[in-house]
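Asks: Below you'll find the structure I mean.
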Amino acid sequence: MGRFDATGGYRRFVYTAAERECRDWFTQEARRRDLSVEADRNGNLWAWWGDRTAGDAIATGSHLDSVPDGGAFDGPLGIVSAFAAIDLLREAGDQPRRPIAVAAFAEEEGGRFGVACLGSRLLSGAITPERARGLTDDSGVTFAEAMAAAGGDPEGIGADDKLLSRVACYVELHIEQGRALIDMDAPVAVGRAIWPHGRWRMDFTGRADHAGTTRLDDRADPMLTYANTVLAARKKARLADAVATVGRVFCEPNGTNAIPSAVRAWLDARAPRPESLDQVVAELKRATETRAAKDGTHVAFTEESFSSEVVFDAALRDRISGTLHSAPVLGTGAGHDAGVLASRIPTAMLFVRNPTGISHAPDEHAELDDCLTGAQALAEVLRELAC
């Protein structure tokens with residue numbers, strides 16, 4: 001669903017036809033298992049095994065949306081594995097004493113509206129409804145408009161304490177986004193922590209002019225400032241033992257024979273320590289502003305999203321590690337809904353080995369045997385927590 005044949009990747013953006021098809025699939029799979037299904041007021045889907053109003057539920061799941069030309073496994077693997085784990089528990093004759101919920105969170109990647117984990121941020125109160133409603137996609141459509149067109153009520157979005165009070169903890173299974181498990185020779189790992197990370201929009205402005213007749217010394221070229229910023233971001237990140245990426249850019253007027261008047265780009269920066277991330281962003285801002293003054297341009301940095309370091313609930317993590325015995329414990333530089341929800345409820349993660357080490361790209365992959373091992377591990381965790 002959502003496969004783009006020209007690249008082999010997937011384009012499942014929230015409230016588009018491909019993502020709605022995935023939502024329909026979720027509902028069908030839940031009902032096929034006699035699970036009750038509901039969409040919360042923030043657009044997240046929930047499938048319940050047991051009384052959804054009873055409280056003390058064990059939730060699992062992930063997301064259905066993708067980055068542009070993303071891989072097949074990022075997000076959907078966690079939901080497929082959740083349904084498979086329920087099948088395994090039923091085949092074994094297990095009857096949960098606590099409700100089990102499978103969740104599909106909306107706009108986890110931020111691929112359409114720019115803010116990652118938007119559904120879980122709204123649910124937990126980590127973003128205001130006003131800001132969320134005003135987010136726009138590349139076509140100028142607001143999140144409120146897209147949600148309304150899909151049958152939702154954008155006036156009803158926001159923190160949902162009642163729903164969260166019914167959930168005791170959340171365990172998310174996800175394909176590993178890296179190659180640690182290859183080196184560890186392990187099919188599944190337990191998450192320890194998520195690095196602090198954020199996204200910043202960078203607006204470079206200058207003066208449009210003719211590419212052939214304007215002397216180099218007479219130009220105010222924002223593309224020059226932008227290019228220097230990309231190189232500086234990599235250098236600053238390397239020196240701080242962090243990572244920084246500029247992977248999205250727009251140029252105006254975008255003509256081959258025109259000097260740009262404006263360039264808009266996005267910085268994604270992450271680091272194992274908060275002080276390292278602060279250092280990278282602060283030094284990059286200073287370097288870019290210095291370069292802009294030299295180029296006769298202007299730059300503005302706008303923080304679009306930020307997530308502090310998340311160390312997963314120690315008691316829950318240790319309980320899961322005890323259940324899975326030999327599974328290693330590792331940290332990750334990738335953000336997840338489990339990281340956002342950790343501010344409100346205990347959360348944990350399981351990672352399934354990725355033999356390519358590649359993520360957010362068509363070559364992302366997980367072997368069937370490892371996927372089955374992941375589903376079995378999740379079933380064991382759900383049995384330990386809910387049965």
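Just remember, in the structure tokens the first chain shown is A, the second B, etc., residues are 1-based per chain, and ligands are 1-based in the order shown.
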Per residue of segment 273-364 of chain A within 10 Å of segment 245-268 of chain A, which atom pair is closest and at what distance in Å (one decimal), using only C-alpha atoms, listed by chain and increasing number, as a tab-separated table?
Replies:
```
residue	atom	partner	partner_atom	distance
A:Val281	CA	A:Leu267	CA	9.3
A:Thr297	CA	A:Ala262	CA	9.4
A:His298	CA	A:Ala262	CA	9.5
A:Val299	CA	A:Val263	CA	9.5
A:Ala300	CA	A:Arg264	CA	9.7
A:Phe301	CA	A:Trp266	CA	9.3
A:Thr302	CA	A:Trp266	CA	9.4
A:Glu303	CA	A:Leu267	CA	9.4
A:Glu304	CA	A:Trp266	CA	9.3
A:Ser305	CA	A:Asp268	CA	9.7
A:Phe306	CA	A:Asp268	CA	9.9
```
Asks: Export N, CA, C and O atoms of the chosen residues as a PDB file, in the first residue's frame?
Replies:
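And here's result-v9.pdb as it stands now:
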```pdb
ATOM      1  N   VAL A 281      23.688  22.848  17.311  1.00  0.00           N
ATOM      2  CA  VAL A 281      22.729  23.815  16.781  1.00  0.00           C
ATOM      3  C   VAL A 281      23.193  25.240  17.013  1.00  0.00           C
ATOM      4  O   VAL A 281      23.119  26.089  16.114  1.00  0.00           O
ATOM      5  N   THR A 297      23.015  38.109   2.619  1.00  0.00           N
ATOM      6  CA  THR A 297      21.723  37.425   2.732  1.00  0.00           C
ATOM      7  C   THR A 297      21.264  37.452   4.183  1.00  0.00           C
ATOM      8  O   THR A 297      21.926  37.990   5.066  1.00  0.00           O
ATOM      9  N   HIS A 298      20.108  36.815   4.425  1.00  0.00           N
ATOM     10  CA  HIS A 298      19.568  36.744   5.778  1.00  0.00           C
ATOM     11  C   HIS A 298      19.107  35.311   6.030  1.00  0.00           C
ATOM     12  O   HIS A 298      18.633  34.638   5.112  1.00  0.00           O
ATOM     13  N   VAL A 299      19.236  34.848   7.289  1.00  0.00           N
ATOM     14  CA  VAL A 299      18.784  33.511   7.635  1.00  0.00           C
ATOM     15  C   VAL A 299      17.992  33.561   8.936  1.00  0.00           C
ATOM     16  O   VAL A 299      18.310  34.348   9.843  1.00  0.00           O
ATOM     17  N   ALA A 300      16.938  32.761   9.004  1.00  0.00           N
ATOM     18  CA  ALA A 300      16.140  32.632  10.219  1.00  0.00           C
ATOM     19  C   ALA A 300      15.964  31.151  10.527  1.00  0.00           C
ATOM     20  O   ALA A 300      15.602  30.369   9.641  1.00  0.00           O
ATOM     21  N   PHE A 301      16.261  30.760  11.758  1.00  0.00           N
ATOM     22  CA  PHE A 301      16.065  29.394  12.232  1.00  0.00           C
ATOM     23  C   PHE A 301      14.760  29.331  13.025  1.00  0.00           C
ATOM     24  O   PHE A 301      14.541  30.162  13.917  1.00  0.00           O
ATOM     25  N   THR A 302      13.908  28.347  12.732  1.00  0.00           N
ATOM     26  CA  THR A 302      12.668  28.151  13.474  1.00  0.00           C
ATOM     27  C   THR A 302      12.598  26.707  13.949  1.00  0.00           C
ATOM     28  O   THR A 302      12.631  25.782  13.134  1.00  0.00           O
ATOM     29  N   GLU A 303      12.537  26.507  15.259  1.00  0.00           N
ATOM     30  CA  GLU A 303      12.419  25.155  15.790  1.00  0.00           C
ATOM     31  C   GLU A 303      11.012  24.634  15.532  1.00  0.00           C
ATOM     32  O   GLU A 303      10.032  25.218  15.982  1.00  0.00           O
ATOM     33  N   GLU A 304      10.908  23.536  14.786  1.00  0.00           N
ATOM     34  CA  GLU A 304       9.589  22.969  14.483  1.00  0.00           C
ATOM     35  C   GLU A 304       9.214  21.846  15.426  1.00  0.00           C
ATOM     36  O   GLU A 304       8.029  21.633  15.708  1.00  0.00           O
ATOM     37  N   SER A 305      10.194  21.109  15.887  1.00  0.00           N
ATOM     38  CA  SER A 305       9.911  20.077  16.882  1.00  0.00           C
ATOM     39  C   SER A 305      11.186  19.777  17.642  1.00  0.00           C
ATOM     40  O   SER A 305      12.299  19.928  17.116  1.00  0.00           O
ATOM     41  N   PHE A 306      11.021  19.366  18.891  1.00  0.00           N
ATOM     42  CA  PHE A 306      12.173  18.991  19.712  1.00  0.00           C
ATOM     43  C   PHE A 306      11.740  17.946  20.718  1.00  0.00           C
ATOM     44  O   PHE A 306      10.672  18.055  21.328  1.00  0.00           O
TER      45      PHE A 306
END
```
Asks: What's around Met147 of chain A at 12 Å? Count only C-alpha atoms, leave out sequence neighbours fewer than 3 positions away in its own chain, and write the answer as a list of chain:residue names.
Replies: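 After dropping sequence-adjacent residues, the list is A:Val14, A:Tyr15, A:Thr16, A:Arg20, A:Arg41, A:Asn42, A:Gly43, A:Asn44, A:Ala106, A:Glu107, A:Phe113, A:Gly119, A:Ala132, A:Arg133, A:Gly134, A:Leu135, A:Thr136, A:Val141, A:Thr142, A:Phe143, A:Ala144, A:Ala150, A:Gly151, A:Gly152, A:Asp153, A:Pro154, A:Glu155, A:Gly156, A:Ile157.
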Asks: For segment 44-109 of chain A versus segment 170-173 of chain A, which residues have an atom no more than 10 Å away, and what is each residue's nearest atom pair and distance in Å rounded to one decimal, using only C-alpha atoms, chain-then-number order, as JSON lines?
Replies:
```
{"residue": "A:Ala57", "atom": "CA", "partner": "A:Tyr170", "partner_atom": "CA", "distance": 8.8}
{"residue": "A:Ile58", "atom": "CA", "partner": "A:Tyr170", "partner_atom": "CA", "distance": 6.2}
{"residue": "A:Ala59", "atom": "CA", "partner": "A:Tyr170", "partner_atom": "CA", "distance": 4.6}
{"residue": "A:Thr60", "atom": "CA", "partner": "A:Val171", "partner_atom": "CA", "distance": 4.8}
{"residue": "A:Gly61", "atom": "CA", "partner": "A:Glu172", "partner_atom": "CA", "distance": 5.5}
{"residue": "A:Ser62", "atom": "CA", "partner": "A:Glu172", "partner_atom": "CA", "distance": 6.0}
{"residue": "A:His63", "atom": "CA", "partner": "A:Glu172", "partner_atom": "CA", "distance": 9.8}
{"residue": "A:Asp74", "atom": "CA", "partner": "A:Leu173", "partner_atom": "CA", "distance": 9.9}
{"residue": "A:Gly75", "atom": "CA", "partner": "A:Leu173", "partner_atom": "CA", "distance": 8.5}
{"residue": "A:Pro76", "atom": "CA", "partner": "A:Leu173", "partner_atom": "CA", "distance": 9.7}
{"residue": "A:Leu77", "atom": "CA", "partner": "A:Leu173", "partner_atom": "CA", "distance": 7.5}
{"residue": "A:Gly78", "atom": "CA", "partner": "A:Leu173", "partner_atom": "CA", "distance": 4.7}
{"residue": "A:Ile79", "atom": "CA", "partner": "A:Leu173", "partner_atom": "CA", "distance": 8.0}
{"residue": "A:Val80", "atom": "CA", "partner": "A:Leu173", "partner_atom": "CA", "distance": 9.8}
{"residue": "A:Ser81", "atom": "CA", "partner": "A:Leu173", "partner_atom": "CA", "distance": 7.5}
{"residue": "A:Ala82", "atom": "CA", "partner": "A:Leu173", "partner_atom": "CA", "distance": 8.1}
{"residue": "A:Ile100", "atom": "CA", "partner": "A:Tyr170", "partner_atom": "CA", "distance": 10.0}
{"residue": "A:Ala101", "atom": "CA", "partner": "A:Tyr170", "partner_atom": "CA", "distance": 9.0}
{"residue": "A:Val102", "atom": "CA", "partner": "A:Tyr170", "partner_atom": "CA", "distance": 9.5}
{"residue": "A:Ala103", "atom": "CA", "partner": "A:Tyr170", "partner_atom": "CA", "distance": 9.3}
```
Asks: Output all heavy atoms of each residue in that selection to a file, as a compact mmCIF listing (two decimals), in the first residue's frame.
Replies:
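Wrote it out as result.txt, contents follow:
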```
# COMPACT_ATOMS: atom_id res chain seq x y z
N ALA A 57 -4.73 -1.14 30.84
CA ALA A 57 -4.50 -1.87 29.59
C ALA A 57 -3.02 -1.87 29.22
O ALA A 57 -2.25 -0.96 29.57
CB ALA A 57 -5.30 -1.25 28.45
N ILE A 58 -2.62 -2.90 28.49
CA ILE A 58 -1.29 -2.99 27.90
C ILE A 58 -1.42 -2.67 26.42
O ILE A 58 -2.14 -3.37 25.69
CB ILE A 58 -0.68 -4.40 28.07
CG1 ILE A 58 -0.72 -4.83 29.55
CG2 ILE A 58 0.73 -4.43 27.53
CD1 ILE A 58 0.01 -3.89 30.49
N ALA A 59 -0.77 -1.60 25.98
CA ALA A 59 -0.87 -1.17 24.59
C ALA A 59 0.41 -1.49 23.83
O ALA A 59 1.51 -1.47 24.40
CB ALA A 59 -1.16 0.32 24.51
N THR A 60 0.25 -1.78 22.57
CA THR A 60 1.38 -1.99 21.66
C THR A 60 0.98 -1.44 20.31
O THR A 60 -0.13 -0.96 20.12
CB THR A 60 1.75 -3.49 21.60
OG1 THR A 60 2.94 -3.65 20.81
CG2 THR A 60 0.63 -4.31 21.00
N GLY A 61 1.87 -1.48 19.33
CA GLY A 61 1.56 -0.94 18.01
C GLY A 61 2.68 -0.06 17.49
O GLY A 61 3.83 -0.14 17.94
N SER A 62 2.34 0.82 16.54
CA SER A 62 3.33 1.72 15.95
C SER A 62 2.59 2.72 15.07
O SER A 62 1.64 3.33 15.52
CB SER A 62 4.38 0.92 15.17
OG SER A 62 5.50 1.71 14.85
N HIS A 63 3.00 2.85 13.79
CA HIS A 63 2.36 3.81 12.89
C HIS A 63 2.28 3.24 11.49
O HIS A 63 2.97 2.27 11.15
CB HIS A 63 3.13 5.14 12.89
CG HIS A 63 4.55 5.01 12.42
ND1 HIS A 63 4.93 5.27 11.12
CD2 HIS A 63 5.69 4.67 13.07
CE1 HIS A 63 6.24 5.09 10.99
NE2 HIS A 63 6.73 4.72 12.16
N ASP A 74 9.23 0.25 8.40
CA ASP A 74 9.23 1.30 9.42
C ASP A 74 7.80 1.69 9.78
O ASP A 74 7.12 2.37 9.01
CB ASP A 74 10.00 2.51 8.89
CG ASP A 74 10.13 3.64 9.90
OD1 ASP A 74 9.43 3.61 10.93
OD2 ASP A 74 10.92 4.56 9.67
N GLY A 75 7.33 1.25 10.95
CA GLY A 75 5.97 1.53 11.39
C GLY A 75 5.07 0.33 11.23
O GLY A 75 4.66 -0.30 12.23
N PRO A 76 4.71 -0.06 10.00
CA PRO A 76 3.79 -1.19 9.83
C PRO A 76 4.26 -2.49 10.47
O PRO A 76 3.43 -3.29 10.90
CB PRO A 76 3.69 -1.33 8.30
CG PRO A 76 3.88 0.07 7.80
CD PRO A 76 4.93 0.66 8.72
N LEU A 77 5.58 -2.72 10.55
CA LEU A 77 6.05 -3.96 11.18
C LEU A 77 5.55 -4.07 12.61
O LEU A 77 5.16 -5.16 13.06
CB LEU A 77 7.59 -4.03 11.16
CG LEU A 77 8.18 -5.27 11.82
CD1 LEU A 77 7.75 -6.54 11.11
CD2 LEU A 77 9.71 -5.17 11.90
N GLY A 78 5.52 -2.95 13.33
CA GLY A 78 5.06 -2.98 14.71
C GLY A 78 3.59 -3.31 14.83
O GLY A 78 3.15 -3.95 15.80
N ILE A 79 2.79 -2.89 13.86
CA ILE A 79 1.35 -3.16 13.91
C ILE A 79 1.06 -4.58 13.45
O ILE A 79 0.27 -5.30 14.07
CB ILE A 79 0.60 -2.12 13.05
CG1 ILE A 79 0.78 -0.72 13.68
CG2 ILE A 79 -0.87 -2.47 12.95
CD1 ILE A 79 0.21 0.40 12.86
N VAL A 80 1.69 -5.01 12.36
CA VAL A 80 1.53 -6.39 11.91
C VAL A 80 1.95 -7.35 13.02
O VAL A 80 1.27 -8.34 13.31
CB VAL A 80 2.37 -6.64 10.63
CG1 VAL A 80 2.40 -8.13 10.28
CG2 VAL A 80 1.82 -5.84 9.47
N SER A 81 3.08 -7.05 13.68
CA SER A 81 3.58 -7.92 14.75
C SER A 81 2.64 -7.94 15.94
O SER A 81 2.51 -8.97 16.62
CB SER A 81 4.98 -7.46 15.19
OG SER A 81 5.89 -7.54 14.12
N ALA A 82 1.98 -6.81 16.21
CA ALA A 82 1.03 -6.77 17.32
C ALA A 82 -0.15 -7.69 17.05
O ALA A 82 -0.58 -8.46 17.94
CB ALA A 82 0.55 -5.34 17.53
N ILE A 100 -5.77 -5.64 26.15
CA ILE A 100 -4.63 -5.40 25.26
C ILE A 100 -5.11 -4.52 24.11
O ILE A 100 -6.16 -4.80 23.51
CB ILE A 100 -4.04 -6.72 24.72
CG1 ILE A 100 -3.40 -7.52 25.86
CG2 ILE A 100 -3.02 -6.44 23.62
CD1 ILE A 100 -2.86 -8.88 25.42
N ALA A 101 -4.36 -3.48 23.82
CA ALA A 101 -4.72 -2.55 22.74
C ALA A 101 -3.61 -2.52 21.70
O ALA A 101 -2.43 -2.53 22.03
CB ALA A 101 -4.95 -1.14 23.29
N VAL A 102 -4.02 -2.48 20.44
CA VAL A 102 -3.10 -2.25 19.32
C VAL A 102 -3.37 -0.83 18.81
O VAL A 102 -4.50 -0.51 18.44
CB VAL A 102 -3.31 -3.27 18.19
CG1 VAL A 102 -2.34 -2.99 17.05
CG2 VAL A 102 -3.14 -4.69 18.72
N ALA A 103 -2.32 0.00 18.80
CA ALA A 103 -2.47 1.40 18.40
C ALA A 103 -1.76 1.67 17.09
O ALA A 103 -0.70 1.11 16.81
CB ALA A 103 -1.92 2.32 19.49
```
Asks: Can I get the residues of segment 180-225 of chain A within 10 Å of segment 333-348 of chain A, each with the closest pair of atoms and their distance in Å to one decimal, using only C-alpha atoms, sorted chain first then ascending number, as a tab-separated table?
Replies:
```
residue	atom	partner	partner_atom	distance
A:Val190	CA	A:Ala348	CA	7.7
A:Gly191	CA	A:Ala348	CA	6.5
A:Arg192	CA	A:Ala348	CA	8.0
A:Ala193	CA	A:Gly339	CA	8.3
A:Ile194	CA	A:Gly333	CA	5.7
A:Trp195	CA	A:Gly333	CA	4.9
A:Pro196	CA	A:Gly333	CA	7.7
A:His197	CA	A:Gly335	CA	7.5
A:Gly198	CA	A:Gly335	CA	9.3
```
Asks: Would you export the selected residues with N, CA and C atoms as a PDB file, in the first residue's frame, please?
Replies:
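Output file selection_19.pdb follows:
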```
ATOM      1  N   VAL A 190      16.074  -4.969  23.206  1.00  0.00           N
ATOM      2  CA  VAL A 190      15.208  -4.153  24.046  1.00  0.00           C
ATOM      3  C   VAL A 190      15.769  -2.738  24.060  1.00  0.00           C
ATOM      4  N   GLY A 191      14.901  -1.737  23.901  1.00  0.00           N
ATOM      5  CA  GLY A 191      15.354  -0.353  23.858  1.00  0.00           C
ATOM      6  C   GLY A 191      15.753   0.167  25.231  1.00  0.00           C
ATOM      7  N   ARG A 192      16.815   0.959  25.260  1.00  0.00           N
ATOM      8  CA  ARG A 192      17.262   1.601  26.499  1.00  0.00           C
ATOM      9  C   ARG A 192      16.855   3.059  26.554  1.00  0.00           C
ATOM     10  N   ALA A 193      17.120   3.791  25.451  1.00  0.00           N
ATOM     11  CA  ALA A 193      16.862   5.225  25.451  1.00  0.00           C
ATOM     12  C   ALA A 193      16.808   5.738  24.028  1.00  0.00           C
ATOM     13  N   ILE A 194      16.221   6.938  23.859  1.00  0.00           N
ATOM     14  CA  ILE A 194      16.191   7.655  22.581  1.00  0.00           C
ATOM     15  C   ILE A 194      16.987   8.942  22.741  1.00  0.00           C
ATOM     16  N   TRP A 195      17.885   9.181  21.824  1.00  0.00           N
ATOM     17  CA  TRP A 195      18.693  10.407  21.863  1.00  0.00           C
ATOM     18  C   TRP A 195      17.801  11.650  21.796  1.00  0.00           C
ATOM     19  N   PRO A 196      18.242  12.751  22.375  1.00  0.00           N
ATOM     20  CA  PRO A 196      17.547  14.020  22.127  1.00  0.00           C
ATOM     21  C   PRO A 196      17.688  14.403  20.652  1.00  0.00           C
ATOM     22  N   HIS A 197      16.623  14.945  20.089  1.00  0.00           N
ATOM     23  CA  HIS A 197      16.654  15.264  18.664  1.00  0.00           C
ATOM     24  C   HIS A 197      15.634  16.350  18.354  1.00  0.00           C
ATOM     25  N   GLY A 198      15.843  17.014  17.224  1.00  0.00           N
ATOM     26  CA  GLY A 198      14.912  18.070  16.837  1.00  0.00           C
ATOM     27  C   GLY A 198      15.003  18.392  15.363  1.00  0.00           C
TER      28      GLY A 198
END
```
Asks: Applying 8 Å and only C-alpha atoms, which residues near segment 28-39 of chain A remain after dropping the ones on its own chain fewer than 6 positions away? List them as a list in words.
Replies: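 Residues meeting the cut-off are Leu45, Trp46, Ala47, Trp48, Trp49, Gly50 and Phe83 of chain A.
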Asks: So, counting only C-alpha atoms, which residue among A:Glu21, A:Glu176, A:Asp69, A:Asp278 is closest to Gly8 of chain A?
Replies: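 For Gly8 of chain A, the nearest of the given residues is A:Asp69.
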Asks: Using only C-alpha atoms, which protein or nucleic acid residues come within 8 Å of Ala85 of chain A? Drop anything in the same chain fewer than 6 positions from it, and give the result as a PyMOL selection string.
Replies: chain A and resi 375-376+378-379+382
Asks: Could you save the residues just selected, with C-alpha atoms, as a compact mmCIF listing (two decimals), in the first residue's frame?
Replies:
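Contents of result_20.txt, as written:
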```txt
# COMPACT_ATOMS: atom_id res chain seq x y z
CA ALA A 375 6.38 -11.29 16.90
CA GLN A 376 7.10 -14.19 19.24
CA LEU A 378 6.23 -9.38 21.60
CA ALA A 379 3.78 -12.18 22.41
CA LEU A 382 2.30 -9.26 26.31
```
Asks: Env of Arg98 of chain A: 7 Å cut, atoms = only C-alpha atoms, seq-sep filter 3 positions within chain, self excluded. Answer as a ChimeraX atom specification.
Replies: /A:56-57,386-387
Asks: Give me, as a PyMOL selection string, the residues of segment 202-286 of chain A that a backbone DSSP run labels alpha helix (DSSP H).
Replies: chain A and resi 222-239+274-286
Asks: What separation in Å, quoted to one decimal, exists between atom CA of Glu130 of chain A and atom CA of Leu164 of chain A?
Replies: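 Spanning atom CA of Glu130 of chain A to atom CA of Leu164 of chain A is a straight-line distance of 20.8 Å.
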Asks: With distances taken over only C-alpha atoms, which of A:Leu277, A:Ala366, A:Ala116, A:Ala220 is nearest to Ala240 of chain A?
Replies: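 The shortest atom-to-atom distance to Ala240 of chain A comes from A:Leu277.
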Asks: Could you list, as a PDB file with N, CA, C and O atoms, in the first residue's frame, every residue within 10 Å of Asp185 of chain A, counting only C-alpha atoms and ignoring same-chain residues fewer than 5 positions away?
Replies:
```pdb
ATOM      1  N   ALA A 180      23.314  -2.111  14.656  1.00  0.00           N
ATOM      2  CA  ALA A 180      23.853  -2.645  15.901  1.00  0.00           C
ATOM      3  C   ALA A 180      23.564  -4.134  16.059  1.00  0.00           C
ATOM      4  O   ALA A 180      24.422  -4.905  16.503  1.00  0.00           O
ATOM      5  N   PRO A 328      19.781  -8.288  23.801  1.00  0.00           N
ATOM      6  CA  PRO A 328      20.616  -7.168  24.230  1.00  0.00           C
ATOM      7  C   PRO A 328      19.787  -5.903  24.432  1.00  0.00           C
ATOM      8  O   PRO A 328      18.635  -5.821  23.994  1.00  0.00           O
ATOM      9  N   ARG A 353      16.042  -6.880  13.987  1.00  0.00           N
ATOM     10  CA  ARG A 353      17.267  -6.711  13.194  1.00  0.00           C
ATOM     11  C   ARG A 353      16.971  -6.292  11.751  1.00  0.00           C
ATOM     12  O   ARG A 353      16.055  -6.779  11.106  1.00  0.00           O
TER      13      ARG A 353
END
```
Asks: Write out as a PyMOL selection string all residues of segment 17-160 of chain A that DSSP puts in strand (DSSP E) for this structure's backbone.
Replies: chain A and resi 36-39+45-49+57-63+100-105
Asks: Hey, which of A:Asp138, A:Asp203, A:Asp313, A:Asp87 ends up closest to Tyr226 of chain A? Count only C-alpha atoms.
Replies: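 Using only C-alpha atoms, the shortest distance to Tyr226 of chain A belongs to A:Asp203.
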Asks: Near Ala293 of chain A, within 12 Å and counting only C-alpha atoms, which residues show up once chain neighbours fewer than 4 positions away are dropped, as a ChimeraX atom specification?
Replies: /A:204-206,220-222,224-225,286-289,297-299
Asks: Would you save the residues of that selection, restricted to N, CA and C atoms, as a tab-separated table (two decimals), in the first residue's frame?
Replies:
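So out.tsv came out as:
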```
chain	number	residue	atom	x	y	z
A	204	PHE	N	16.44	31.03	4.18
A	204	PHE	CA	17.50	31.87	3.64
A	204	PHE	C	16.89	32.83	2.61
A	205	THR	N	17.11	34.10	2.75
A	205	THR	CA	16.56	35.07	1.80
A	205	THR	C	17.67	35.94	1.24
A	206	GLY	N	17.51	36.29	-0.03
A	206	GLY	CA	18.49	37.13	-0.70
A	206	GLY	C	17.81	37.97	-1.77
A	220	ALA	N	23.47	38.67	-4.02
A	220	ALA	CA	23.03	38.33	-2.66
A	220	ALA	C	22.32	36.98	-2.78
A	221	ASP	N	23.14	35.92	-2.85
A	221	ASP	CA	22.67	34.59	-3.24
A	221	ASP	C	22.42	33.71	-2.02
A	222	PRO	N	21.17	33.44	-1.67
A	222	PRO	CA	20.90	32.61	-0.50
A	222	PRO	C	21.31	31.15	-0.69
A	224	LEU	N	24.11	30.19	-1.80
A	224	LEU	CA	25.49	30.13	-1.33
A	224	LEU	C	25.52	29.94	0.19
A	225	THR	N	24.69	30.70	0.88
A	225	THR	CA	24.61	30.58	2.34
A	225	THR	C	24.09	29.21	2.73
A	286	ARG	N	25.50	30.29	14.62
A	286	ARG	CA	26.52	31.35	14.57
A	286	ARG	C	27.28	31.34	13.25
A	287	ALA	N	27.66	30.14	12.81
A	287	ALA	CA	28.41	30.03	11.56
A	287	ALA	C	27.57	30.49	10.37
A	288	THR	N	26.27	30.14	10.38
A	288	THR	CA	25.39	30.51	9.27
A	288	THR	C	25.14	32.01	9.25
A	289	GLU	N	24.92	32.61	10.40
A	289	GLU	CA	24.70	34.05	10.46
A	289	GLU	C	25.94	34.83	10.01
A	297	THR	N	23.01	38.11	2.62
A	297	THR	CA	21.72	37.42	2.73
A	297	THR	C	21.26	37.45	4.18
A	298	HIS	N	20.11	36.81	4.43
A	298	HIS	CA	19.57	36.74	5.78
A	298	HIS	C	19.11	35.31	6.03
A	299	VAL	N	19.24	34.85	7.29
A	299	VAL	CA	18.78	33.51	7.63
A	299	VAL	C	17.99	33.56	8.94
```
